[in-house]
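Take a look at the structure below.
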Amino acid sequence: MTETLFTKIINRELPADIIYEDDHCIAIKDIAPKAPTHVLVIPKKPIPRLVDAAEEDQALLGHLMVAAGKIAAEAGVGDAFRLIINNGADVGQTVFHLHLHILGGKEFSEAQLGF
Ligand code: AMP
């Protein structure tokens, strides 16, 4: 299987600003930030899309959520951030390796659900 862009970053084959790592995930600064704080939380397991996650991935998905809260706090936006998963090209997914966007450091309007 061809390695995804994010697997290459996880394996240090491509550079990135890695701000967190544990046994199951890493967090990197987004290369094209859509908010003052824009961090991606990426599982080491290369699940392409959220809908490709299986029953056996439940603990991993929970881990990503808990890690996202800690990472947001460490990034200084722990009290106000938005967590986004794009599932599918039609809503803008461009990297087919599951990732959570943490966005913070700016105000989001109630109606504006995206970036
Ligand atoms: P998505 O559109 O949900 O698939 O999000 C992919 C995100 O990855 C985008 O916000 C990109 O800016 C970001 N991205 C792409 N390449 C890199 C990279 N080499 N390092 C950090 N972030 C990246």
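Following the order of the structure tokens, chains are lettered A, B, ..., residues in each are numbered from 1, and ligands are numbered from 1.
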
Surrounding residues as a PyMOL selection string, ligand 1, max 6 Å, only C-alpha atoms and all ligand atoms: chain A and resi 16+29-32+86+92-95

Output for the residues just chosen: N, CA and C atoms as a PDB file, in the first residue's frame:
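Output below, filename result_20.pdb:
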ATOM      1  N   ALA A  16       7.646  18.285   9.076  1.00  0.00           N
ATOM      2  CA  ALA A  16       6.425  18.939   9.554  1.00  0.00           C
ATOM      3  C   ALA A  16       6.723  19.476  10.941  1.00  0.00           C
ATOM      4  N   LYS A  29       1.271  21.206  13.122  1.00  0.00           N
ATOM      5  CA  LYS A  29       0.692  22.493  12.715  1.00  0.00           C
ATOM      6  C   LYS A  29       0.302  22.389  11.248  1.00  0.00           C
ATOM      7  N   ASP A  30      -0.901  22.845  10.908  1.00  0.00           N
ATOM      8  CA  ASP A  30      -1.337  22.812   9.514  1.00  0.00           C
ATOM      9  C   ASP A  30      -0.461  23.754   8.688  1.00  0.00           C
ATOM     10  N   ILE A  31      -0.091  23.285   7.499  1.00  0.00           N
ATOM     11  CA  ILE A  31       0.816  24.061   6.640  1.00  0.00           C
ATOM     12  C   ILE A  31       0.135  25.304   6.051  1.00  0.00           C
ATOM     13  N   ALA A  32      -1.183  25.290   5.999  1.00  0.00           N
ATOM     14  CA  ALA A  32      -1.940  26.431   5.455  1.00  0.00           C
ATOM     15  C   ALA A  32      -3.044  26.791   6.451  1.00  0.00           C
ATOM     16  N   ASN A  86     -13.245  16.399   8.043  1.00  0.00           N
ATOM     17  CA  ASN A  86     -13.809  16.365   6.692  1.00  0.00           C
ATOM     18  C   ASN A  86     -13.848  14.913   6.242  1.00  0.00           C
ATOM     19  N   GLY A  92     -14.442  18.626   1.020  1.00  0.00           N
ATOM     20  CA  GLY A  92     -13.123  19.239   1.089  1.00  0.00           C
ATOM     21  C   GLY A  92     -12.013  18.375   1.624  1.00  0.00           C
ATOM     22  N   GLN A  93     -12.272  17.072   1.877  1.00  0.00           N
ATOM     23  CA  GLN A  93     -11.156  16.236   2.326  1.00  0.00           C
ATOM     24  C   GLN A  93     -10.145  16.109   1.191  1.00  0.00           C
ATOM     25  N   THR A  94      -8.904  16.425   1.496  1.00  0.00           N
ATOM     26  CA  THR A  94      -7.860  16.365   0.472  1.00  0.00           C
ATOM     27  C   THR A  94      -6.793  15.325   0.801  1.00  0.00           C
ATOM     28  N   VAL A  95      -6.648  15.023   2.080  1.00  0.00           N
ATOM     29  CA  VAL A  95      -5.674  14.004   2.491  1.00  0.00           C
ATOM     30  C   VAL A  95      -6.465  12.820   3.041  1.00  0.00           C
TER      31      VAL A  95
END

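On the backbone of this structure, DSSP gives alpha helix (DSSP H) within chain A to Leu5, Phe6, Thr7, Lys8, Ile9, Ile10, Gln58, Ala59, Leu60, Leu61, Gly62, His63, Leu64, Met65, Val66, Ala67, Ala68, Gly69, Lys70, Ile71, Ala72, Ala73 and Glu74 of chain A.
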
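With only C-alpha atoms as the atoms that count, the residue of A:Gly88, A:Ile47, A:Val39, A:His63 with the shortest distance to Gly76 (chain A) is A:Val39.
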
Can you tell me, as a ChimeraX atom specification, what residues are no more than 12 Å from region 1-7 of chain A when counting only C-alpha atoms, ignoring any on the same chain fewer than 3 positions away? /A:10-16,18,25-28,30,40-48,94-99

Please produce an output containing N, CA, C and O atoms for each residue in the selection, written as a short mmCIF file (atom, residue, chain, number, x, y, z; two decimals), in the first residue's frame.
data_model
loop_
_atom_site.label_atom_id
_atom_site.label_comp_id
_atom_site.auth_asym_id
_atom_site.auth_seq_id
_atom_site.Cartn_x
_atom_site.Cartn_y
_atom_site.Cartn_z
N ILE A 10 4.64 11.04 9.82
CA ILE A 10 4.79 10.24 11.04
C ILE A 10 6.13 9.51 11.04
O ILE A 10 6.81 9.43 12.06
N ASN A 11 6.53 9.00 9.87
CA ASN A 11 7.79 8.25 9.75
C ASN A 11 9.01 9.15 9.54
O ASN A 11 10.12 8.64 9.30
N ARG A 12 8.80 10.47 9.62
CA ARG A 12 9.88 11.45 9.45
C ARG A 12 10.50 11.37 8.06
O ARG A 12 11.67 11.68 7.85
N GLU A 13 9.73 10.94 7.08
CA GLU A 13 10.21 10.95 5.70
C GLU A 13 9.92 12.29 5.04
O GLU A 13 10.48 12.61 3.99
N LEU A 14 9.00 13.06 5.64
CA LEU A 14 8.71 14.42 5.20
C LEU A 14 8.72 15.31 6.44
O LEU A 14 8.31 14.87 7.51
N PRO A 15 9.16 16.57 6.29
CA PRO A 15 9.21 17.46 7.45
C PRO A 15 7.83 17.99 7.82
O PRO A 15 6.95 18.13 6.96
N ALA A 16 7.65 18.29 9.08
CA ALA A 16 6.42 18.94 9.55
C ALA A 16 6.72 19.48 10.94
O ALA A 16 7.70 19.07 11.58
N ILE A 18 5.86 19.06 14.22
CA ILE A 18 5.17 18.10 15.09
C ILE A 18 5.16 18.67 16.51
O ILE A 18 6.22 18.93 17.09
N CYS A 25 -0.95 8.55 18.03
CA CYS A 25 -1.21 9.69 17.15
C CYS A 25 -0.10 10.73 17.23
O CYS A 25 0.74 10.68 18.13
N ILE A 26 -0.13 11.62 16.25
CA ILE A 26 0.72 12.81 16.31
C ILE A 26 -0.16 14.03 16.10
O ILE A 26 -1.30 13.91 15.61
N ALA A 27 0.36 15.19 16.43
CA ALA A 27 -0.30 16.45 16.09
C ALA A 27 0.73 17.34 15.41
O ALA A 27 1.88 17.43 15.86
N ILE A 28 0.30 17.95 14.31
CA ILE A 28 1.19 18.85 13.56
C ILE A 28 0.48 20.17 13.33
O ILE A 28 -0.75 20.23 13.31
N ASP A 30 -0.90 22.84 10.91
CA ASP A 30 -1.34 22.81 9.51
C ASP A 30 -0.46 23.75 8.69
O ASP A 30 -0.15 24.87 9.11
N LEU A 40 -3.50 19.67 13.32
CA LEU A 40 -4.10 18.42 12.84
C LEU A 40 -3.70 17.29 13.79
O LEU A 40 -2.51 17.13 14.09
N VAL A 41 -4.69 16.54 14.26
CA VAL A 41 -4.43 15.36 15.10
C VAL A 41 -4.62 14.15 14.21
O VAL A 41 -5.69 13.97 13.60
N ILE A 42 -3.58 13.34 14.09
CA ILE A 42 -3.53 12.29 13.07
C ILE A 42 -3.22 10.94 13.71
O ILE A 42 -2.18 10.80 14.38
N PRO A 43 -4.10 9.96 13.54
CA PRO A 43 -3.77 8.63 14.07
C PRO A 43 -2.62 8.01 13.29
O PRO A 43 -2.49 8.24 12.07
N LYS A 44 -1.79 7.24 13.97
CA LYS A 44 -0.70 6.56 13.25
C LYS A 44 -1.26 5.50 12.31
O LYS A 44 -0.67 5.22 11.27
N LYS A 45 -2.41 4.94 12.67
CA LYS A 45 -3.07 3.98 11.77
C LYS A 45 -3.71 4.76 10.62
O LYS A 45 -4.51 5.68 10.85
N PRO A 46 -3.39 4.43 9.37
CA PRO A 46 -3.86 5.24 8.24
C PRO A 46 -5.28 4.87 7.78
O PRO A 46 -5.49 4.36 6.68
N ILE A 47 -6.26 5.21 8.62
CA ILE A 47 -7.67 5.04 8.24
C ILE A 47 -7.98 6.14 7.22
O ILE A 47 -7.76 7.32 7.51
N PRO A 48 -8.46 5.81 6.01
CA PRO A 48 -8.62 6.86 4.99
C PRO A 48 -9.64 7.94 5.37
O PRO A 48 -9.34 9.13 5.27
N THR A 94 -8.90 16.42 1.50
CA THR A 94 -7.86 16.36 0.47
C THR A 94 -6.79 15.33 0.80
O THR A 94 -6.11 14.85 -0.10
N VAL A 95 -6.65 15.02 2.08
CA VAL A 95 -5.67 14.00 2.49
C VAL A 95 -6.47 12.82 3.04
O VAL A 95 -7.18 12.96 4.05
N PHE A 96 -6.34 11.68 2.38
CA PHE A 96 -7.16 10.52 2.75
C PHE A 96 -6.43 9.65 3.77
O PHE A 96 -6.09 8.49 3.52
N HIS A 97 -6.22 10.27 4.90
CA HIS A 97 -5.67 9.67 6.12
C HIS A 97 -6.36 10.47 7.22
O HIS A 97 -6.09 11.67 7.36
N LEU A 98 -7.26 9.80 7.93
CA LEU A 98 -8.10 10.48 8.92
C LEU A 98 -7.33 11.51 9.74
O LEU A 98 -6.21 11.24 10.18
N HIS A 99 -7.93 12.66 9.97
CA HIS A 99 -7.32 13.68 10.83
C HIS A 99 -8.40 14.59 11.38
O HIS A 99 -9.42 14.82 10.74
#

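Each of A:Ala73, A:Leu60, A:Ala67, A:Val51 was checked against Ile85 (chain A) using only C-alpha atoms; the smallest atom-to-atom distance is that of A:Val51.
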
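Note that DSSP on the backbone gives strand (DSSP E) to these residues of chain A: Ile18, Ile19, Tyr20, Glu21, Cys25, Ile26, Ala27, Ile28, Lys29, Thr37, His38, Val39, Leu40, Val41, Ile42, Pro43, Phe81, Arg82, Leu83, Ile84, Leu100, His101, Ile102, Leu103 and Gly104 of chain A.
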
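Of note, CA of Gln58 (chain A) and CA of His24 (chain A) are spaced 12.7 Å apart.
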
Among the residues A:Met65, A:Ala75, A:Ala89, A:Leu100, the one that comes closest to Pro36 (chain A) [using only C-alpha atoms]: A:Ala75

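Atom pair CA of Asp22 (chain A) / CA of Ala80 (chain A) has a distance of 23.5 Å (rounded to one decimal).
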
Computed interatomic separation between CA of Gly62 (chain A) and CA of Arg49 (chain A) (Å): 15.5 Å
